[in-house]
>>> print(open('model.tsv').read())   # TSV, C-alpha atoms and all ligand atoms
chain	number	residue	atom	x	y	z
A	2	MET	CA	42.37	-21.93	-3.79
A	3	PHE	CA	41.73	-18.35	-4.65
A	4	SER	CA	44.10	-15.43	-4.08
A	5	ALA	CA	43.33	-12.05	-2.59
A	6	PHE	CA	43.63	-10.71	-6.14
A	7	ASP	CA	40.98	-13.21	-7.33
A	8	TYR	CA	38.63	-11.96	-4.59
A	9	ALA	CA	39.23	-8.36	-5.61
A	10	MET	CA	38.43	-9.16	-9.25
A	11	MET	CA	35.24	-11.05	-8.39
A	12	ALA	CA	34.18	-8.19	-6.08
A	13	ARG	CA	34.70	-5.93	-9.09
A	14	ALA	CA	32.58	-8.24	-11.28
A	15	LEU	CA	29.79	-8.16	-8.68
A	16	ALA	CA	29.95	-4.36	-8.60
A	17	VAL	CA	29.87	-4.14	-12.41
A	18	ALA	CA	26.87	-6.51	-12.45
A	19	GLU	CA	24.91	-4.00	-10.34
A	20	ARG	CA	24.70	-1.71	-13.35
A	21	GLY	CA	22.24	-4.17	-14.89
A	22	ARG	CA	20.12	-4.77	-11.78
A	23	CYS	CA	17.05	-2.84	-12.93
A	24	ILE	CA	17.09	-3.68	-16.65
A	25	THR	CA	18.02	-7.29	-17.47
A	26	THR	CA	14.79	-9.05	-16.55
A	27	PRO	CA	13.94	-11.84	-17.27
A	28	ASN	CA	17.66	-12.65	-17.34
A	29	PRO	CA	19.88	-12.44	-14.29
A	30	PHE	CA	22.15	-9.39	-14.03
A	31	VAL	CA	25.66	-10.80	-14.41
A	32	GLY	CA	29.03	-9.06	-14.28
A	33	CYS	CA	32.25	-10.12	-16.00
A	34	VAL	CA	35.84	-8.91	-15.67
A	35	ILE	CA	38.71	-10.06	-17.93
A	36	VAL	CA	42.25	-9.84	-16.57
A	37	LYS	CA	45.64	-10.26	-18.20
A	38	HIS	CA	49.07	-9.78	-16.60
A	39	GLY	CA	47.38	-8.50	-13.42
A	40	ARG	CA	45.41	-5.80	-15.20
A	41	ILE	CA	41.73	-5.51	-16.17
A	42	ILE	CA	41.56	-5.48	-19.98
A	43	GLY	CA	37.77	-5.62	-20.32
A	44	GLU	CA	34.58	-5.73	-18.29
A	45	GLY	CA	30.88	-5.87	-18.98
A	46	PHE	CA	27.40	-6.49	-17.59
A	47	THR	CA	24.16	-8.00	-18.90
A	48	GLN	CA	22.26	-5.47	-21.00
A	49	LYS	CA	18.63	-4.34	-21.11
A	50	GLY	CA	16.21	-7.21	-21.65
A	51	GLY	CA	18.98	-9.72	-20.96
A	52	ARG	CA	21.12	-9.51	-24.11
A	53	PRO	CA	23.99	-9.19	-24.88
A	54	HIS	CA	25.29	-11.17	-21.92
A	55	ALA	CA	28.01	-9.89	-19.58
A	56	GLU	CA	30.79	-12.07	-21.03
A	57	ALA	CA	30.04	-10.96	-24.60
A	58	MET	CA	30.15	-7.31	-23.47
A	59	ALA	CA	33.44	-7.83	-21.60
A	60	LEU	CA	35.06	-9.57	-24.59
A	61	GLU	CA	33.86	-6.79	-26.86
A	62	ALA	CA	35.34	-4.19	-24.50
A	63	CYS	CA	38.83	-5.79	-24.32
A	64	THR	CA	41.58	-3.29	-25.00
A	65	GLU	CA	43.98	-6.06	-26.01
A	66	SER	CA	43.71	-9.71	-27.10
A	67	PRO	CA	41.98	-11.81	-24.41
A	68	GLU	CA	44.06	-14.83	-25.43
A	69	GLY	CA	45.52	-16.39	-22.27
A	70	ALA	CA	43.44	-14.15	-19.99
A	71	THR	CA	41.55	-15.00	-16.79
A	72	VAL	CA	37.80	-14.36	-16.80
A	73	TYR	CA	35.81	-13.59	-13.64
A	74	SER	CA	32.08	-14.08	-14.03
A	75	THR	CA	29.39	-13.82	-11.34
A	76	LEU	CA	27.44	-16.68	-12.98
A	77	GLU	CA	28.43	-19.74	-14.99
A	78	PRO	CA	28.88	-18.62	-18.63
A	79	CYS	CA	25.98	-19.96	-20.65
A	80	SER	CA	25.94	-22.84	-23.12
A	81	LEU	CA	23.79	-23.05	-26.23
A	82	HIS	CA	20.25	-24.14	-25.30
A	83	PRO	CA	17.10	-24.66	-27.39
A	84	LYS	CA	15.75	-21.18	-26.65
A	85	SER	CA	19.06	-19.28	-26.83
A	86	ARG	CA	18.59	-15.71	-27.96
A	87	GLY	CA	22.19	-15.27	-29.03
A	88	PRO	CA	25.62	-16.90	-29.02
A	89	ALA	CA	26.66	-18.93	-25.96
A	90	CYS	CA	29.18	-17.14	-23.76
A	91	SER	CA	31.19	-20.33	-23.20
A	92	ASP	CA	31.64	-20.61	-27.00
A	93	LEU	CA	32.68	-16.96	-27.22
A	94	LEU	CA	35.27	-17.49	-24.46
A	95	ILE	CA	36.61	-20.62	-26.18
A	96	LYS	CA	36.92	-18.72	-29.45
A	97	ALA	CA	38.76	-15.92	-27.65
A	98	ARG	CA	41.24	-18.54	-26.32
A	99	VAL	CA	41.07	-17.41	-22.69
A	100	ALA	CA	43.11	-19.59	-20.28
A	101	ARG	CA	41.03	-19.63	-17.12
A	102	VAL	CA	37.42	-18.97	-16.09
A	103	ILE	CA	36.41	-18.34	-12.48
A	104	SER	CA	32.69	-18.10	-11.77
A	105	ALA	CA	30.89	-17.40	-8.52
A	106	LEU	CA	27.84	-19.56	-9.14
A	107	HIS	CA	26.58	-22.61	-10.95
A	108	ASP	CA	23.67	-21.56	-13.23
A	109	PRO	CA	20.68	-23.76	-12.27
A	110	PHE	CA	18.70	-22.75	-15.38
A	111	HIS	CA	17.89	-26.10	-17.07
A	112	GLY	CA	19.33	-24.89	-20.41
A	113	VAL	CA	22.74	-24.35	-18.79
A	114	ASN	CA	23.05	-26.26	-15.50
A	115	GLY	CA	26.76	-27.10	-15.73
A	116	ALA	CA	26.92	-27.37	-19.51
A	117	GLY	CA	28.66	-23.98	-19.78
A	118	HIS	CA	31.46	-25.07	-17.46
A	119	ASP	CA	31.69	-28.49	-19.17
A	120	ASN	CA	31.96	-26.79	-22.55
A	121	LEU	CA	34.85	-24.66	-21.31
A	122	ARG	CA	36.63	-27.61	-19.65
A	123	ASN	CA	36.28	-29.75	-22.78
A	124	ALA	CA	38.08	-27.01	-24.71
A	125	GLY	CA	41.00	-27.19	-22.26
A	126	ILE	CA	40.14	-24.05	-20.28
A	127	ARG	CA	40.81	-24.16	-16.53
A	128	VAL	CA	37.48	-23.66	-14.76
A	129	GLU	CA	36.97	-22.88	-11.08
A	130	MET	CA	33.70	-22.19	-9.31
A	131	GLY	CA	32.46	-20.85	-5.99
A	132	LEU	CA	34.49	-17.68	-5.51
A	133	MET	CA	32.26	-15.27	-3.51
A	134	GLN	CA	29.38	-17.67	-4.02
A	135	ALA	CA	27.33	-16.37	-1.07
A	136	GLU	CA	27.56	-12.77	-2.27
A	137	ALA	CA	26.58	-13.72	-5.83
A	138	ALA	CA	23.71	-15.88	-4.60
A	139	ARG	CA	22.43	-12.96	-2.53
A	140	SER	CA	22.50	-10.58	-5.46
A	141	LEU	CA	20.83	-13.09	-7.80
A	142	LYS	CA	18.45	-14.52	-5.17
A	143	ALA	CA	15.33	-13.66	-7.18
A	144	PHE	CA	16.54	-15.29	-10.40
A	145	LEU	CA	17.72	-18.35	-8.46
A	146	ALA	CA	14.33	-18.56	-6.68
A	147	ARG	CA	12.39	-18.44	-9.92
A	148	VAL	CA	14.59	-20.97	-11.71
A	149	THR	CA	14.84	-23.49	-8.87
A	150	ARG	CA	11.27	-23.43	-7.52
A	151	GLY	CA	9.24	-21.97	-10.39
A	152	ARG	CA	7.82	-18.96	-8.61
A	153	PRO	CA	9.29	-15.47	-8.22
A	154	TRP	CA	10.94	-14.08	-5.12
A	155	LEU	CA	8.24	-12.09	-3.32
A	156	THR	CA	9.10	-8.97	-1.34
A	157	LEU	CA	6.31	-7.48	0.72
A	158	LYS	CA	6.79	-3.77	1.27
A	159	VAL	CA	4.99	-2.28	4.25
A	160	ALA	CA	4.99	1.14	5.84
A	161	ALA	CA	3.74	1.70	9.36
A	162	THR	CA	4.15	3.62	12.58
A	163	LEU	CA	6.34	2.43	15.42
A	164	ASP	CA	3.29	0.61	16.79
A	165	GLY	CA	2.75	-1.18	13.46
A	166	LYS	CA	-0.22	0.90	12.32
A	167	THR	CA	-0.98	1.91	8.74
A	168	ALA	CA	-4.04	4.16	9.12
A	169	LEU	CA	-6.30	5.69	11.72
A	170	ALA	CA	-9.52	3.84	12.55
A	171	ASN	CA	-11.36	6.28	10.21
A	172	GLY	CA	-9.06	5.30	7.32
A	173	GLU	CA	-6.88	8.43	7.23
A	174	SER	CA	-3.37	7.41	6.24
A	175	LYS	CA	-1.54	9.94	4.02
A	176	TRP	CA	1.45	10.18	4.62
A	177	ILE	CA	2.87	7.99	7.34
A	178	THR	CA	6.44	7.71	6.11
A	179	SER	CA	8.68	10.48	4.80
A	180	ALA	CA	9.40	11.61	1.24
A	181	ASP	CA	12.84	9.97	1.61
A	182	ALA	CA	11.22	6.62	2.38
A	183	ARG	CA	8.82	7.02	-0.52
A	184	ARG	CA	11.71	7.71	-2.88
A	185	ASP	CA	13.41	4.58	-1.59
A	186	VAL	CA	10.24	2.66	-2.46
A	187	HIS	CA	10.52	3.92	-6.04
A	188	ARG	CA	14.09	2.57	-6.08
A	189	MET	CA	12.70	-0.80	-4.97
A	190	ARG	CA	10.05	-0.67	-7.70
A	191	ALA	CA	12.75	0.06	-10.29
A	192	GLU	CA	14.57	-3.10	-9.20
A	193	ALA	CA	11.44	-5.27	-9.30
A	194	CYS	CA	10.30	-7.22	-12.36
A	195	ALA	CA	6.74	-6.57	-11.27
A	196	VAL	CA	4.90	-4.51	-8.67
A	197	MET	CA	1.67	-6.01	-7.41
A	198	THR	CA	-1.34	-4.77	-5.51
A	199	GLY	CA	-4.83	-6.05	-4.71
A	200	ILE	CA	-8.25	-4.78	-5.70
A	201	GLY	CA	-8.93	-3.55	-2.13
A	202	THR	CA	-5.97	-1.18	-2.20
A	203	LEU	CA	-6.87	-0.14	-5.73
A	204	MET	CA	-10.38	0.86	-4.60
A	205	THR	CA	-9.10	3.04	-1.75
A	206	ASP	CA	-5.79	4.46	-3.10
A	207	ASP	CA	-6.04	4.11	-6.90
A	208	PRO	CA	-2.23	3.71	-7.15
A	209	GLU	CA	-0.36	4.14	-10.41
A	210	LEU	CA	2.43	1.69	-9.43
A	211	THR	CA	5.00	3.25	-11.74
A	212	VAL	CA	8.59	4.26	-11.04
A	213	ARG	CA	8.70	8.03	-10.80
A	214	ASP	CA	11.17	9.30	-8.23
A	215	VAL	CA	14.29	7.60	-9.62
A	216	LEU	CA	15.83	7.55	-13.09
A	217	CYS	CA	14.96	4.26	-14.74
A	218	ASP	CA	14.61	3.28	-18.39
A	219	ARG	CA	12.34	0.31	-17.71
A	220	GLN	CA	8.99	0.28	-15.95
A	221	PRO	CA	8.12	-2.85	-13.97
A	222	LEU	CA	5.07	-4.82	-15.00
A	223	ARG	CA	2.07	-3.74	-12.91
A	224	VAL	CA	0.09	-6.68	-11.54
A	225	LEU	CA	-3.39	-6.36	-10.10
A	226	LEU	CA	-4.90	-9.20	-8.14
A	227	ASP	CA	-8.62	-8.88	-8.83
A	228	SER	CA	-10.47	-12.19	-8.38
A	229	ARG	CA	-13.82	-11.03	-9.85
A	230	LEU	CA	-12.52	-8.28	-12.17
A	231	ASP	CA	-14.11	-5.48	-10.15
A	232	VAL	CA	-11.56	-2.94	-11.38
A	233	ALA	CA	-13.09	0.31	-12.66
A	234	ASP	CA	-12.29	1.27	-16.26
A	235	SER	CA	-10.95	4.60	-15.01
A	236	ALA	CA	-8.42	3.08	-12.58
A	237	ARG	CA	-4.98	4.60	-12.95
A	238	ILE	CA	-3.30	1.19	-13.10
A	239	LEU	CA	-5.15	0.56	-16.40
A	240	GLN	CA	-3.71	3.66	-18.05
A	241	GLY	CA	-0.58	3.42	-20.18
A	242	GLY	CA	-0.50	-0.35	-20.64
A	243	ASN	CA	2.10	-2.62	-19.06
A	244	THR	CA	-0.53	-4.11	-16.75
A	245	LEU	CA	-1.45	-7.70	-15.98
A	246	ILE	CA	-4.56	-8.66	-14.03
A	247	ALA	CA	-4.81	-11.98	-12.22
A	248	THR	CA	-8.43	-13.08	-12.02
A	249	ALA	CA	-10.31	-16.16	-10.87
A	250	THR	CA	-13.93	-15.70	-11.87
A	251	GLY	CA	-13.87	-12.71	-14.23
A	252	SER	CA	-16.30	-13.13	-17.13
A	253	ALA	CA	-15.13	-13.80	-20.69
A	254	GLU	CA	-16.75	-10.51	-21.88
A	255	ARG	CA	-14.96	-8.45	-19.23
A	256	ILE	CA	-11.66	-10.16	-20.04
A	257	ALA	CA	-12.14	-9.46	-23.75
A	258	ALA	CA	-12.93	-5.79	-23.07
A	259	LEU	CA	-9.77	-5.36	-20.96
A	260	GLU	CA	-7.63	-7.18	-23.50
A	261	ALA	CA	-8.98	-4.93	-26.22
A	262	ARG	CA	-7.43	-2.06	-24.23
A	263	GLY	CA	-4.04	-3.80	-24.28
A	264	ILE	CA	-4.29	-5.04	-20.71
A	265	LYS	CA	-3.10	-8.59	-20.11
A	266	VAL	CA	-5.42	-10.82	-18.15
A	267	MET	CA	-4.32	-14.07	-16.55
A	268	LYS	CA	-6.86	-16.65	-15.39
A	269	VAL	CA	-5.85	-18.41	-12.22
A	270	GLU	CA	-7.59	-21.35	-10.60
A	271	THR	CA	-9.64	-20.52	-7.55
A	272	GLU	CA	-9.07	-21.59	-4.01
A	273	THR	CA	-11.28	-24.57	-3.25
A	274	VAL	CA	-14.00	-22.66	-1.39
A	275	LYS	CA	-13.78	-18.91	-1.68
A	276	GLY	CA	-13.78	-18.20	-5.41
A	277	LYS	CA	-10.57	-16.24	-4.96
A	278	VAL	CA	-7.35	-16.52	-6.89
A	279	ASP	CA	-5.17	-19.36	-5.62
A	280	LEU	CA	-2.07	-17.44	-4.58
A	281	GLU	CA	0.45	-20.21	-5.06
A	282	LYS	CA	-0.86	-20.98	-8.56
A	283	MET	CA	-0.79	-17.27	-9.37
A	284	MET	CA	2.85	-17.04	-8.31
A	285	GLN	CA	3.73	-20.11	-10.38
A	286	GLN	CA	2.08	-18.50	-13.40
A	287	LEU	CA	4.00	-15.27	-12.80
A	288	GLY	CA	7.20	-17.35	-12.64
A	289	ALA	CA	6.31	-19.00	-15.95
A	290	ARG	CA	6.13	-15.49	-17.41
A	291	GLY	CA	9.79	-14.97	-16.47
A	292	LEU	CA	9.31	-12.66	-13.50
A	293	ASN	CA	12.17	-13.04	-11.02
A	294	ASN	CA	11.06	-10.73	-8.25
A	295	VAL	CA	7.63	-9.40	-7.45
A	296	MET	CA	7.26	-6.53	-5.02
A	297	VAL	CA	3.89	-6.30	-3.31
A	298	GLU	CA	2.41	-3.04	-2.04
A	299	THR	CA	-1.04	-3.70	-0.71
A	300	GLY	CA	-3.34	-3.74	2.30
A	301	ALA	CA	-3.67	-5.76	5.47
A	302	LYS	CA	-5.92	-8.44	3.97
A	303	LEU	CA	-3.76	-9.42	1.01
A	304	ASN	CA	-0.63	-9.05	3.16
A	305	ALA	CA	-2.12	-11.61	5.52
A	306	SER	CA	-3.30	-13.95	2.74
A	307	LEU	CA	0.13	-13.97	1.07
A	308	LEU	CA	1.84	-14.57	4.38
A	309	SER	CA	-0.55	-17.36	5.35
A	310	ALA	CA	-0.10	-19.00	1.94
A	311	GLY	CA	3.66	-19.10	2.53
A	312	MET	CA	4.32	-16.90	-0.51
A	313	VAL	CA	6.30	-14.12	1.21
A	314	ASP	CA	10.08	-14.43	1.08
A	315	GLU	CA	11.03	-11.05	2.45
A	316	ILE	CA	9.44	-8.10	4.18
A	317	VAL	CA	10.79	-4.58	3.80
A	318	ALA	CA	9.22	-2.48	6.53
A	319	TYR	CA	9.47	1.29	6.66
A	320	VAL	CA	8.82	2.33	10.22
A	321	ALA	CA	7.86	5.95	10.90
A	322	PRO	CA	8.77	7.41	14.27
A	323	SER	CA	5.16	8.04	15.28
A	324	ILE	CA	2.46	6.27	17.26
A	325	PHE	CA	-1.22	5.89	16.30
A	326	GLY	CA	-2.52	3.88	19.24
A	327	ASP	CA	-4.34	0.56	19.48
A	328	ASP	CA	-7.52	1.63	17.72
A	329	ALA	CA	-5.67	2.34	14.48
A	330	ARG	CA	-5.44	-0.18	11.62
A	331	GLY	CA	-2.69	-2.75	11.46
A	332	LEU	CA	-0.51	-4.37	8.83
A	333	PHE	CA	-1.65	-7.98	8.74
A	334	ALA	CA	-5.32	-8.97	9.06
A	335	LEU	CA	-4.45	-12.46	10.24
A	336	PRO	CA	-6.87	-14.70	12.12
A	337	GLU	CA	-6.28	-14.79	15.88
A	338	LEU	CA	-3.38	-17.00	16.84
A	339	LYS	CA	-4.03	-19.47	19.63
A	340	ASN	CA	-0.44	-20.05	20.60
A	341	LEU	CA	2.95	-18.56	19.96
A	342	ASP	CA	4.04	-21.49	17.80
A	343	GLN	CA	1.74	-20.10	15.13
A	344	ARG	CA	3.58	-16.79	14.85
A	345	THR	CA	5.53	-15.87	11.73
A	346	LYS	CA	9.21	-15.67	12.49
A	347	LEU	CA	11.61	-13.45	10.58
A	348	LYS	CA	15.35	-13.08	10.27
A	349	VAL	CA	16.49	-9.49	10.01
A	350	SER	CA	19.13	-9.01	7.31
A	351	ASP	CA	19.41	-5.22	7.21
A	352	VAL	CA	18.41	-2.21	9.30
A	353	ARG	CA	19.04	1.35	8.27
A	354	GLN	CA	17.66	4.82	8.61
A	355	VAL	CA	16.03	6.40	5.55
A	356	GLY	CA	15.52	10.08	6.28
A	357	PRO	CA	13.60	10.20	9.57
A	358	ASP	CA	12.27	6.64	9.15
A	359	LEU	CA	13.72	3.20	9.79
A	360	ARG	CA	13.92	0.52	7.12
A	361	ILE	CA	13.99	-3.07	8.28
A	362	THR	CA	14.58	-5.88	5.80
A	363	ALA	CA	13.79	-9.37	7.05
A	364	GLN	CA	13.40	-12.81	5.50
A	365	VAL	CA	10.41	-14.93	6.43
A	366	LEU	CA	11.53	-18.15	8.10
A	367	LYS	CA	9.51	-21.07	6.82
A	368	ALA	CA	7.95	-23.27	9.48
A	369	GLU	CA	9.81	-26.59	9.89
B	401	LIG	C1	25.50	-15.62	-19.13
B	401	LIG	N1	25.77	-14.29	-19.04
B	401	LIG	O1	25.13	-12.20	-18.65
B	401	LIG	C2	23.52	-13.86	-18.33
B	401	LIG	C3	23.28	-15.27	-18.39
B	401	LIG	O2	17.52	-16.04	-23.10
B	401	LIG	P1	19.01	-16.10	-23.26
B	401	LIG	O3	19.45	-16.88	-24.45
B	401	LIG	O4	19.65	-14.76	-23.15
B	401	LIG	O5	19.56	-16.97	-22.01
B	401	LIG	C4	19.15	-16.63	-20.76
B	401	LIG	C5	19.81	-17.50	-19.73
B	401	LIG	O6	21.22	-17.25	-19.70
B	401	LIG	C6	19.29	-17.16	-18.35
B	401	LIG	O7	18.18	-17.92	-18.01
B	401	LIG	C7	20.47	-17.52	-17.49
B	401	LIG	O8	20.51	-18.90	-17.26
B	401	LIG	C8	21.66	-17.15	-18.35
B	401	LIG	N2	22.06	-15.75	-18.08
B	401	LIG	N3	24.29	-16.09	-18.76
B	401	LIG	O9	26.35	-16.37	-19.59
B	401	LIG	C9	24.84	-13.39	-18.68
B	401	LIG	N4	22.56	-12.99	-17.98
B	402	ZN	ZN	25.83	-16.04	-21.86
>>> encode(input="model.tsv", output="structure tokens")
Amino acid sequence: MFSAFDYAMMARALAVAERGRCITTPNPFVGCVIVKHGRIIGEGFTQKGGRPHAEAMALEACTESPEGATVYSTLEPCSLHPKSRGPACSDLLIKARVARVISALHDPFHGVNGAGHDNLRNAGIRVEMGLMQAEAARSLKAFLARVTRGRPWLTLKVAATLDGKTALANGESKWITSADARRDVHRMRAEACAVMTGIGTLMTDDPELTVRDVLCDRQPLRVLLDSRLDVADSARILQGGNTLIATATGSAERIAALEARGIKVMKVETETVKGKVDLEKMMQQLGARGLNNVMVETGAKLNASLLSAGMVDEIVAYVAPSIFGDDARGLFALPELKNLDQRTKLKVSDVRQVGPDLRITAQVLKAE
């Protein structure tokens, strides 16, 4: 049983955790609040690159001895595991002689997976779990997705008119949504571990895929899906490093030339017939690289391929209050559906206005 005060402290820990949202990758952004005699004596959040952890920061920040204190953590405090990059938080809490630990979530990472809580319990600390679990799971959904299923959480960002169009029939498309919406997209990029596009979009738009309109001291990895390595040497995505290309049939010489420029190239198996990158394998490989959430900004073809492959978890749609008409280009170049059972169904989780535009966030419901 948790008290109203416990809820307030965990809500505080979740708010503190937000300060790490854009910087902790590949680690989850955790928040921790330490309370004694009804007062917060220390709080902390996971730091850039994932270390130090939230609990270590909160202990360090304590204004008085944490002995006998209650600790609120948005994730199970870690235990020592073979690849630990620092001390285990459960050991630090034991050493600090805290009395009680309340965490929102079990950490499914195989190196922890209950061992943090067990460690604390074995040292005589009272451990409780599940306070504001749904809220914590929502904020850490990308980390949880990567750890439990091996591939990152994929958010597809789209921008279209009210009638779902992205460009006129002649290709003209700049700008459909407002500057406010575009700034919001930069905020999304800042929160993503990686931003991905396809070679088709690269050929027409030559995007840079960097965070520019918001303050951010980490740039997401830029991922280009380019099955044959058709990318031009002058492409903007190749400037400034921090780029990974997923290729299926790119030649060894081309790969070597790109790598010599500091660009990472990742070979992915091809789909059985088409000679294209196998999207599920690509996502698994991105997961193995520690990417929690991948944001995709691309064209109608790759949008459709990712959707058809079942790789899309969430769609964030910016809808401009304008109409292009039926001859304009659409968002998803899907093959014709023969019956309504084949449609993709979504569950809307958020709707808000961004400047003059609408932003709709919806999760893709997987077919039963
Ligand atoms: C915590 N507090 O603030 C975070 C935790 O690579 P390491 O050694 O830093 O360990 C990373 C794992 O620790 C990560 O996969 C996740 O399970 C957990 N993250 N744990 O106690 C924190 N960020
Ligand atoms: Zn830890």
>>> residues_near_ligand(input="model.tsv", ligand="ligand LIG 401 (chain B)", cutoff="9 Å", atoms="all atoms listed in the file", output="PDB file with C-alpha atoms, in the frame of the given file")
ATOM      1  CA  ALA A  18      26.870  -6.510 -12.450  1.00  0.00           C
ATOM      2  CA  THR A  25      18.020  -7.290 -17.470  1.00  0.00           C
ATOM      3  CA  THR A  26      14.790  -9.050 -16.550  1.00  0.00           C
ATOM      4  CA  PRO A  27      13.940 -11.840 -17.270  1.00  0.00           C
ATOM      5  CA  ASN A  28      17.660 -12.650 -17.340  1.00  0.00           C
ATOM      6  CA  PRO A  29      19.880 -12.440 -14.290  1.00  0.00           C
ATOM      7  CA  PHE A  30      22.150  -9.390 -14.030  1.00  0.00           C
ATOM      8  CA  VAL A  31      25.660 -10.800 -14.410  1.00  0.00           C
ATOM      9  CA  GLY A  32      29.030  -9.060 -14.280  1.00  0.00           C
ATOM     10  CA  CYS A  33      32.250 -10.120 -16.000  1.00  0.00           C
ATOM     11  CA  GLY A  45      30.880  -5.870 -18.980  1.00  0.00           C
ATOM     12  CA  PHE A  46      27.400  -6.490 -17.590  1.00  0.00           C
ATOM     13  CA  THR A  47      24.160  -8.000 -18.900  1.00  0.00           C
ATOM     14  CA  GLN A  48      22.260  -5.470 -21.000  1.00  0.00           C
ATOM     15  CA  GLY A  50      16.210  -7.210 -21.650  1.00  0.00           C
ATOM     16  CA  GLY A  51      18.980  -9.720 -20.960  1.00  0.00           C
ATOM     17  CA  ARG A  52      21.120  -9.510 -24.110  1.00  0.00           C
ATOM     18  CA  PRO A  53      23.990  -9.190 -24.880  1.00  0.00           C
ATOM     19  CA  HIS A  54      25.290 -11.170 -21.920  1.00  0.00           C
ATOM     20  CA  ALA A  55      28.010  -9.890 -19.580  1.00  0.00           C
ATOM     21  CA  GLU A  56      30.790 -12.070 -21.030  1.00  0.00           C
ATOM     22  CA  ALA A  57      30.040 -10.960 -24.600  1.00  0.00           C
ATOM     23  CA  MET A  58      30.150  -7.310 -23.470  1.00  0.00           C
ATOM     24  CA  SER A  74      32.080 -14.080 -14.030  1.00  0.00           C
ATOM     25  CA  THR A  75      29.390 -13.820 -11.340  1.00  0.00           C
ATOM     26  CA  LEU A  76      27.440 -16.680 -12.980  1.00  0.00           C
ATOM     27  CA  GLU A  77      28.430 -19.740 -14.990  1.00  0.00           C
ATOM     28  CA  PRO A  78      28.880 -18.620 -18.630  1.00  0.00           C
ATOM     29  CA  CYS A  79      25.980 -19.960 -20.650  1.00  0.00           C
ATOM     30  CA  SER A  80      25.940 -22.840 -23.120  1.00  0.00           C
ATOM     31  CA  LEU A  81      23.790 -23.050 -26.230  1.00  0.00           C
ATOM     32  CA  HIS A  82      20.250 -24.140 -25.300  1.00  0.00           C
ATOM     33  CA  PRO A  83      17.100 -24.660 -27.390  1.00  0.00           C
ATOM     34  CA  LYS A  84      15.750 -21.180 -26.650  1.00  0.00           C
ATOM     35  CA  SER A  85      19.060 -19.280 -26.830  1.00  0.00           C
ATOM     36  CA  ARG A  86      18.590 -15.710 -27.960  1.00  0.00           C
ATOM     37  CA  GLY A  87      22.190 -15.270 -29.030  1.00  0.00           C
ATOM     38  CA  PRO A  88      25.620 -16.900 -29.020  1.00  0.00           C
ATOM     39  CA  ALA A  89      26.660 -18.930 -25.960  1.00  0.00           C
ATOM     40  CA  CYS A  90      29.180 -17.140 -23.760  1.00  0.00           C
ATOM     41  CA  SER A  91      31.190 -20.330 -23.200  1.00  0.00           C
ATOM     42  CA  ASP A 108      23.670 -21.560 -13.230  1.00  0.00           C
ATOM     43  CA  PRO A 109      20.680 -23.760 -12.270  1.00  0.00           C
ATOM     44  CA  PHE A 110      18.700 -22.750 -15.380  1.00  0.00           C
ATOM     45  CA  HIS A 111      17.890 -26.100 -17.070  1.00  0.00           C
ATOM     46  CA  GLY A 112      19.330 -24.890 -20.410  1.00  0.00           C
ATOM     47  CA  VAL A 113      22.740 -24.350 -18.790  1.00  0.00           C
ATOM     48  CA  ASN A 114      23.050 -26.260 -15.500  1.00  0.00           C
ATOM     49  CA  GLY A 117      28.660 -23.980 -19.780  1.00  0.00           C
ATOM     50  CA  PHE A 144      16.540 -15.290 -10.400  1.00  0.00           C
ATOM     51  CA  VAL A 148      14.590 -20.970 -11.710  1.00  0.00           C
TER      52      VAL A 148
END
>>> closest_residue(input="model.tsv", among="A:Gly288, A:His107, A:Glu129, A:Glu272", to="Val72 in chain A", atoms="all atoms listed in the file")
A:Glu129
>>> residues_near_point(input="model.tsv", point="(-6.2, -25.3, -5.9)", cutoff="12 Å", atoms="all atoms listed in the file", output="PyMOL selection string")
chain A and resi 249+269-283+310
>>> residues_around(input="model.tsv", residues="Thr250 in chain A", least_positions_apart="2", cutoff="7 Å", atoms="all atoms listed in the file", output="ChimeraX atom specification")
/A:228-229,248,252,276
>>> closest_residue(input="model.tsv", among="A:His118, A:Ala62, A:Val224, A:Ile41", to="ligand ZN 402 (chain B)", atoms="all atoms listed in the file")
A:His118
>>> residues_around(input="model.tsv", residues="range 130-132 of chain A", least_positions_apart="4", cutoff="10 Å", atoms="only C-alpha atoms", output="ChimeraX atom specification")
/A:2-4,7-8,11-12,73-77,102-107,118,136-137
>>> closest_residue(input="model.tsv", among="A:Lys142, A:Lys302, A:Arg20, A:Arg183", to="Gly201 in chain A", atoms="all atoms listed in the file")
A:Lys302
>>> decode(input="model.tsv", residues="range 25-30 of chain A", atoms="N, CA and C atoms", output="mmCIF file, in the first residue's frame")
data_model
loop_
_atom_site.group_PDB
_atom_site.id
_atom_site.type_symbol
_atom_site.label_atom_id
_atom_site.label_comp_id
_atom_site.auth_asym_id
_atom_site.auth_seq_id
_atom_site.Cartn_x
_atom_site.Cartn_y
_atom_site.Cartn_z
ATOM 1 N N THR A 25 20.807 10.221 -22.097
ATOM 2 C CA THR A 25 21.331 9.038 -21.394
ATOM 3 C C THR A 25 21.566 7.832 -22.289
ATOM 4 N N THR A 26 21.093 7.874 -23.529
ATOM 5 C CA THR A 26 21.206 6.711 -24.388
ATOM 6 C C THR A 26 22.641 6.180 -24.410
ATOM 7 N N PRO A 27 22.844 4.879 -24.351
ATOM 8 C CA PRO A 27 21.871 3.780 -24.478
ATOM 9 C C PRO A 27 21.151 3.403 -23.182
ATOM 10 N N ASN A 28 21.467 4.044 -22.093
ATOM 11 C CA ASN A 28 20.812 3.715 -20.826
ATOM 12 C C ASN A 28 19.438 4.372 -20.738
ATOM 13 N N PRO A 29 18.580 3.828 -19.910
ATOM 14 C CA PRO A 29 17.285 4.473 -19.681
ATOM 15 C C PRO A 29 17.476 5.726 -18.824
ATOM 16 N N PHE A 30 16.593 6.706 -18.994
ATOM 17 C CA PHE A 30 16.680 7.917 -18.170
ATOM 18 C C PHE A 30 15.831 7.687 -16.911
#
